[in-house]
Each structure stands twice: as structure tokens, then as C-alpha cells.
Amino acid sequence: MEDHEIKPIIEALLFVSGDAISVERIREVLPEIEKSKIIEMLVALQETYEQSDRGMQIVLVASEYQMTTRSEMSPWVKKLEKIKTASRLSQPSLETLAIIAYKQPLTRAEVEAIRGVDAAGVIKTLIDRRLVKIVGRKEVAGRPLMYGTTRDFLLYFGLPNLAGLPTLKEFSDIAEREAELSEESDSSELALEPASEVESCEESLVTSEESK
Amino acid sequence: MEDHEIKPIIEALLFVSGDAISVERIREVLPEIEKSKIIEMLVALQETYEQSDRGMQIVLVASEYQMTTRSEMSPWVKKLEKIKTASRLSQPSLETLAIIAYKQPLTRAEVEAIRGVDAAGVIKTLIDRRLVKIVGRKEVAGRPLMYGTTRDFLLYFGLPNLAGLPTLKEFSDIAEREAELSEESDSSELALEPASEVESCEESLVTSEESK
Amino acid sequence: MNGLETMEDVSGIGVKVPAFEGSLELLLHLIKENQVNIYDIPIAFITQQYLETLDQMKSLNLSIAGDFLVMAATLIHIKSKMLLPVHETEEAEEIEEDPRFELVARLLEYKKFKEAAGELESFETIQRQIFARAPLPVDSETCEISLGNLDMTDLLTALQKVIARLPDPATLFIQNDELSVRDKIYFLVSMMEPGKTLLFDQIFDGVQTRHEVVVTFLALLEVIRLGLIKVLQLEDCGALRLIGTDNLKNNNLTFLEEE
């Protein structure tokens, strides 16, 4: 194998590995290449990266080679990490969002009753991210604030409206057949199905209208 | 900032991100740089990687840029045992995915109407693999869920965007037939219109009947 | 192609029956194998081939989905229709539709996507040869998900996790029961103003539990009784509309507090 064939292979290995990688490890992938040749190629790669204006470098750490960003890039790399983190939702946030989406409007105490942990911080994060908003006060002692989801929430999830939220049952039953669905009549599971209930109410309203 | 300073920063960001990264995201890191300049630098980087013997390349997927290994390196990269590959998609999954990709948003029943077989299990698998997502409900009786493809779908197939899907082949065949039969020649219009296709085969059937 | 995984021949007849997922797939296979023109399918021939394949599948103890039998019936029906003489009594005004038309349309539609699936598969093959970098070891945030990539699946998965942790999953569903008719009356009145109309369905936007539906409905009846809102149905079976009346202006609902 020619040098100009070996070099990109080693470069690809360094890139994809993420971690530092030993010469022995590279030889396992390229057993037909001499150890000295591999080292020669690694050094050549190191030089190539140093000579030109590159974002990365190849460093020797603990007798292993690693591709990393150059230290001069660190302000921007850190900024990217920060932005990335800021645009992420943690698992607790996601769970709280799910509860609010499906149970809105509800109070912080109600969220906490379900998750079993303090929800103040998480709700604040969700409000900051404009996914959740205050929608009113509950008319009970202390008139606590009630929370609901925002328009941004709908946009994120591509929902035309809240009624578009899939029911939990639909989700877990995607793999099941319709027949089985309609046979079941577990009332607790119906809790998350607005559509059918609205229909039944409509009927009864019409009846009450007519009876007037 | 000079081009030779911007380029390595963008290179470092691509490297460190691992995942595909959007021009907008890069701009958040480099807010003082024009969007057009960033795109220019990305394209310049792409070219640099293509011209020399490199182990990596910069690709445009899901309207974002990503640094990946070149396909020629795959035999060696795969030998690095770390690298795990997800199992390939089954034929039913590919067919279902094709239908969803071209006709989205659509319901499970609509998928089933085309394939003639139950689609629930396959759709569930595709959702689990994050290739398909729920995108809303169809405003018809029963308000069934509608499905569409995800960003991961584009990444999985290396597509820059949905417009990058190959044109549905069958249409041109039928268009040709139609042109043949009725001596019309507006094949271009047929690109995504199943209705006209149905018409054209009706015609050809009728013709073949008459010729008997 | 599914047909690649040929079923083991246990019957000893020496036939190989590929595994077909559905009747359309089987039909396309027969059309291709026999090099038949899809626009002019010799129905009698293809029906015979189709039924023979079903027999082979049965003899191999393959379970035959209902779909295959429905198609068999369809084929036989088309075949019988095509045997009938063409009626010329009807003034030749309308050319009688070819009985094969609907089937051919379905086959073509399916074939189109089957071929697209083939193309996707070739993309898949290419993509499997390129590799992205393993994410940096900032994996302390493993559970986090990028907002841009959020979809409904994430939300539902999160909800499922919550429910899985609950000692009694019913908690999630009965929690809101404190929401009273009075709360809902306030809510309805706050949504309406004199002359403003709402669709009946709109007052149920965001309503998730059966309890809340009932409460909302009772609240609606109450505001109708109080003459604050009127219900209209403009046409038979048309949408119900709610209209705020002038009484909304001077009603402060204080009486509700005195219950």
C-alpha cells in the first residue's frame, strides 16, 4: 500500500475514534503495514495539520495519538457547547413538560404530586424556554398559579392545536390492531382521549336544546 | 476576521460537533460573520477535503453540514471494533418509509391502502428508530394520527432535504405510455400526481380492450 | 426483496415459494416472473398462478393472511366479469370500464413505492460506509435532547416514564378532579364577550380528562341558564356556535362566591 493510501486511512481512524488510539491498535486495522511505517505516517499527518490553517491537530498523549481541536479554537468550541446545552432539555424538564401538556391547566403542586419532586426550577426553565406559560389561577385556597403550554410548544411539535396531541393509549398501541382497541373499555385509560368525549357531549347538548 | 481565520474555526466546530450542524448554529458561535460568508467557507472546506487525499469529507445532510469519514475508508473504519452499525432496514420497513416519505403527512390507513398489508408494527419500528414521527391528526372521522419523516430519516439516507428524494420512477414510465397512446407530451406535470397516473392506465386499458 | 428469503421446501415437490408479505407483492412477483404486461394482465393465467402459489404456501404450512384470500376472490371476480360478452346495447355511449382497472391502478401505485424503497436501500448502503465521529465525552448530559429534534415521541416517552414510576398510575388521571364547575364558569365567561362567537368545540380545547369534559359541559349549561351565552346551530347537523350575550357586560358572577 502506498503512503498516500495509508495516510487517509489513519486520518479516518483518528477522526472516528474520538479517543486517543495506540499504534498497536492502528496495526490491528492495518496488519500488513509495518509499525515504523505507521509511526512515520502519524508524524507526517501531525506535520500536515500543523503547517496549514487547521481547526484540528494531532497530539501524542500517553503514547497514543489523538485528533483534537487546536487550543486557539477553544473560545468558539466552548461557545458551541454552551449553545448546545442551552438548546437541550433535560429528562426532568421533558417529563414536566409532558405532564403539563397533557394535564393543563394545572398548578405546580399538581405537577409535584405526580413527579414526586420539587418542580419550581424545572417549570422556570420551561417558562424561560417559552414552552410553558401561566394560564390563570386556580380558584382554591391560596389561588395558586396554573400552567399550560404555549404556542411555541405547539410549533416545536408541529401541532395545529392541543387536541392534536396523540393520546398515550394511541402511542402505546400503535403496534396493536384496531379491533383490540375498540374492544377494550378500561375507563382509566380513556382519560387522555378528548375527541370521543367531546362528541358524546355534543349529542347531549343537542338533546337539551331540543327539549327546551 | 479573515477567511484563513474563519475556516479553521468552522472546521473545528464541524469536528467537535460530530453530528450535522446548521449554518444558523455556526452563526450563533460566530455572530459577526455573514451567513453568506459562512456558507462560502463551508463550501471552500468541502472542496479542500475533496481535493487532497483525505480520510474525511464534509457532506450536506438534512440541510446541515457534517464531517464524516469517506466511504472508501469504510473497510478499515469498520475494523475498529468500537464502531457499531445499526441493523439494516427490512423490506417492509423500506417500503413503508418510502410511502411515508413521498406522501407525508399521511395516516396509517393510507399506508395500508398502498401496501395492502397491516402497517402498525412497521410504523412502530420506524418510530422507535426515530425515522418516522407523529406529525398531527387528520381531520376526518376518528381523527387518526398522521405520520411524517424525521431529521434522522434524512441523516440515515444521507439526503440534503426531502426534495433530494429520488423522483418516483413509475410516473415517467406511465407518462411515456400516455404520450405514446394519446400523442400528448406533458410528461413533466405528472411528477407527483397519482390521479393522472390512474387516468392514464385507464386509458391504456380501454385502448387494449378496443384493440381486441 | 422479501422474496429473497425463500421458504424451505418441505413438501418435496421441488417448488420454491418465496415469502410474500402481501397479495400485491405476490401479484407483482408473478407479473414480473411471467413477463406479463402489467397494463394488459392475462387475468385467467395470473389467477391460476396466484391460486397455485397459495396452494403451495398452504402445503408449506405458511399461514395465509386474509389479504391473500381477498385478492384471490377479487381475481376470480375480475376473471368472471371478463368472460361476459361486452354489452353493445347501451348505445356505446359509455365504454364499459375494464374490470382490471382498479387492480392495475393499485399494483402500479404499490410498484412505484416498492421501487422507491429500492432506491432508498441503495442510499442506505452508501450511508453505511461513512461514519461520523463519536460525540465528545461530554456525555454527562446523556439524557438531554436537543430542542430542535424534539418530537411527540419524546414527549410521550417521557410521560410513559412518569407513569411507570407512579405507585398508582391512576394518580395522573384523577389529579385534576378538584377543578370545579365554578372554575370553568369563570373560564368560559373570560373567553366570551358580547357578540363574540366561538365554536362549541373550542371550549374543549386542551380539555383532557373525562372529568374536565363534564365540568366544562356543566359550566356551559350554567352560563346558558344565566343567559350569558347562547347556543346556535345554523344548519342541521352544522357546527354548534356559542355567542356571548349583552348580559356578560354587567355580570360580575359574585353570586358564585356565595354558594
# chains A, B, ... in the order shown; residues from 1 in each chain; ligands from 1

$ interface_residues --of "chain C" --to "chain B" --cutoff "8 Å" --atoms "only C-alpha atoms" --output "VMD selection string"
chain C and resid 1 to 2 21 to 24 39 to 40 67 95 97 to 98 101 104 to 106 108 to 121 123 to 124 126 to 136 149 151 to 153

$ closest_atom_pairs --of "chain B" --to "chain A" --cutoff "7 Å" --atoms "only C-alpha atoms" --output "tab-separated table"
residue	atom	partner	partner_atom	distance
B:His4	CA	A:Asp53	CA	6.6
B:Pro8	CA	A:Gly55	CA	4.0
B:Ile9	CA	A:Gly55	CA	5.6
B:Glu11	CA	A:Gly55	CA	5.2
B:Ala12	CA	A:Gly55	CA	4.4
B:Leu13	CA	A:Val77	CA	6.2
B:Val29	CA	A:Leu80	CA	6.0
B:Asp53	CA	A:Pro8	CA	6.1
B:Arg54	CA	A:Pro8	CA	4.8
B:Gly55	CA	A:Pro8	CA	4.0
B:Met56	CA	A:Ala12	CA	6.0
B:Thr69	CA	A:Ala12	CA	5.7
B:Met73	CA	A:Ile9	CA	6.0
B:Trp76	CA	A:Val29	CA	6.0
B:Val77	CA	A:Leu13	CA	6.1
B:Lys79	CA	A:Val29	CA	5.7
B:Leu80	CA	A:Val29	CA	6.6
B:Ala120	CA	A:Ala175	CA	4.8
B:Gly121	CA	A:Ala175	CA	4.6
B:Lys124	CA	A:Ala175	CA	5.8
B:Val135	CA	A:Gly158	CA	6.2
B:Gly136	CA	A:Gly164	CA	5.6
B:Arg137	CA	A:Gly164	CA	5.7

$ write_last_selection --atoms "N, CA and C atoms" --output "compact mmCIF listing (two decimals), in the first residue's frame"
# COMPACT_ATOMS: atom_id res chain seq x y z
N HIS B 4 -8.86 33.04 6.36
CA HIS B 4 -7.96 31.99 6.87
C HIS B 4 -8.08 31.82 8.39
N PRO B 8 -10.58 27.64 9.81
CA PRO B 8 -10.25 26.65 10.85
C PRO B 8 -11.27 26.62 11.99
N ILE B 9 -11.89 27.75 12.29
CA ILE B 9 -12.90 27.74 13.35
C ILE B 9 -14.07 26.85 12.93
N GLU B 11 -14.03 24.53 10.73
CA GLU B 11 -13.55 23.14 10.69
C GLU B 11 -13.59 22.53 12.09
N ALA B 12 -13.12 23.30 13.08
CA ALA B 12 -13.11 22.81 14.46
C ALA B 12 -14.53 22.54 14.95
N LEU B 13 -15.47 23.42 14.57
CA LEU B 13 -16.85 23.24 15.00
C LEU B 13 -17.45 21.97 14.39
N VAL B 29 -22.32 30.91 16.96
CA VAL B 29 -20.97 30.92 17.52
C VAL B 29 -20.17 32.10 16.95
N ASP B 53 -5.78 13.88 -0.59
CA ASP B 53 -6.03 12.52 -0.10
C ASP B 53 -6.41 12.60 1.36
N ARG B 54 -7.70 12.64 1.62
CA ARG B 54 -8.15 12.82 2.98
C ARG B 54 -8.95 11.62 3.47
N GLY B 55 -8.99 11.46 4.75
CA GLY B 55 -9.77 10.37 5.32
C GLY B 55 -11.20 10.81 5.59
N MET B 56 -11.42 12.13 5.59
CA MET B 56 -12.76 12.65 5.90
C MET B 56 -13.30 13.45 4.73
N THR B 69 -16.30 10.23 7.75
CA THR B 69 -15.22 9.55 7.04
C THR B 69 -15.65 9.38 5.59
N MET B 73 -12.99 4.60 3.09
CA MET B 73 -12.28 4.19 4.30
C MET B 73 -13.05 3.13 5.08
N TRP B 76 -11.68 -0.19 6.72
CA TRP B 76 -10.76 -0.06 7.87
C TRP B 76 -11.47 0.50 9.09
N VAL B 77 -12.35 1.46 8.84
CA VAL B 77 -13.09 2.05 9.95
C VAL B 77 -13.91 0.97 10.66
N LYS B 79 -13.23 -2.00 10.96
CA LYS B 79 -12.37 -2.91 11.71
C LYS B 79 -12.08 -2.39 13.12
N LEU B 80 -12.18 -1.08 13.29
CA LEU B 80 -12.05 -0.52 14.64
C LEU B 80 -13.28 -1.00 15.40
N ALA B 120 -49.15 -1.28 11.19
CA ALA B 120 -48.96 -0.82 12.56
C ALA B 120 -47.58 -1.18 13.12
N GLY B 121 -47.21 -2.45 13.00
CA GLY B 121 -45.95 -2.90 13.57
C GLY B 121 -44.76 -2.19 12.94
N LYS B 124 -44.46 1.41 14.06
CA LYS B 124 -43.92 1.44 15.42
C LYS B 124 -42.39 1.30 15.39
N VAL B 135 -47.01 13.58 13.18
CA VAL B 135 -46.97 15.00 12.82
C VAL B 135 -48.31 15.70 13.00
N GLY B 136 -49.32 14.97 13.46
CA GLY B 136 -50.62 15.62 13.65
C GLY B 136 -51.74 14.62 13.48
N ARG B 137 -52.93 15.19 13.32
CA ARG B 137 -54.09 14.33 13.12
C ARG B 137 -54.79 14.72 11.84

$ closest_residue --among "B:Leu42, B:Ile21, B:Val122, B:Glu139" --to "Ala62 (chain B)" --atoms "only C-alpha atoms"
B:Ile21
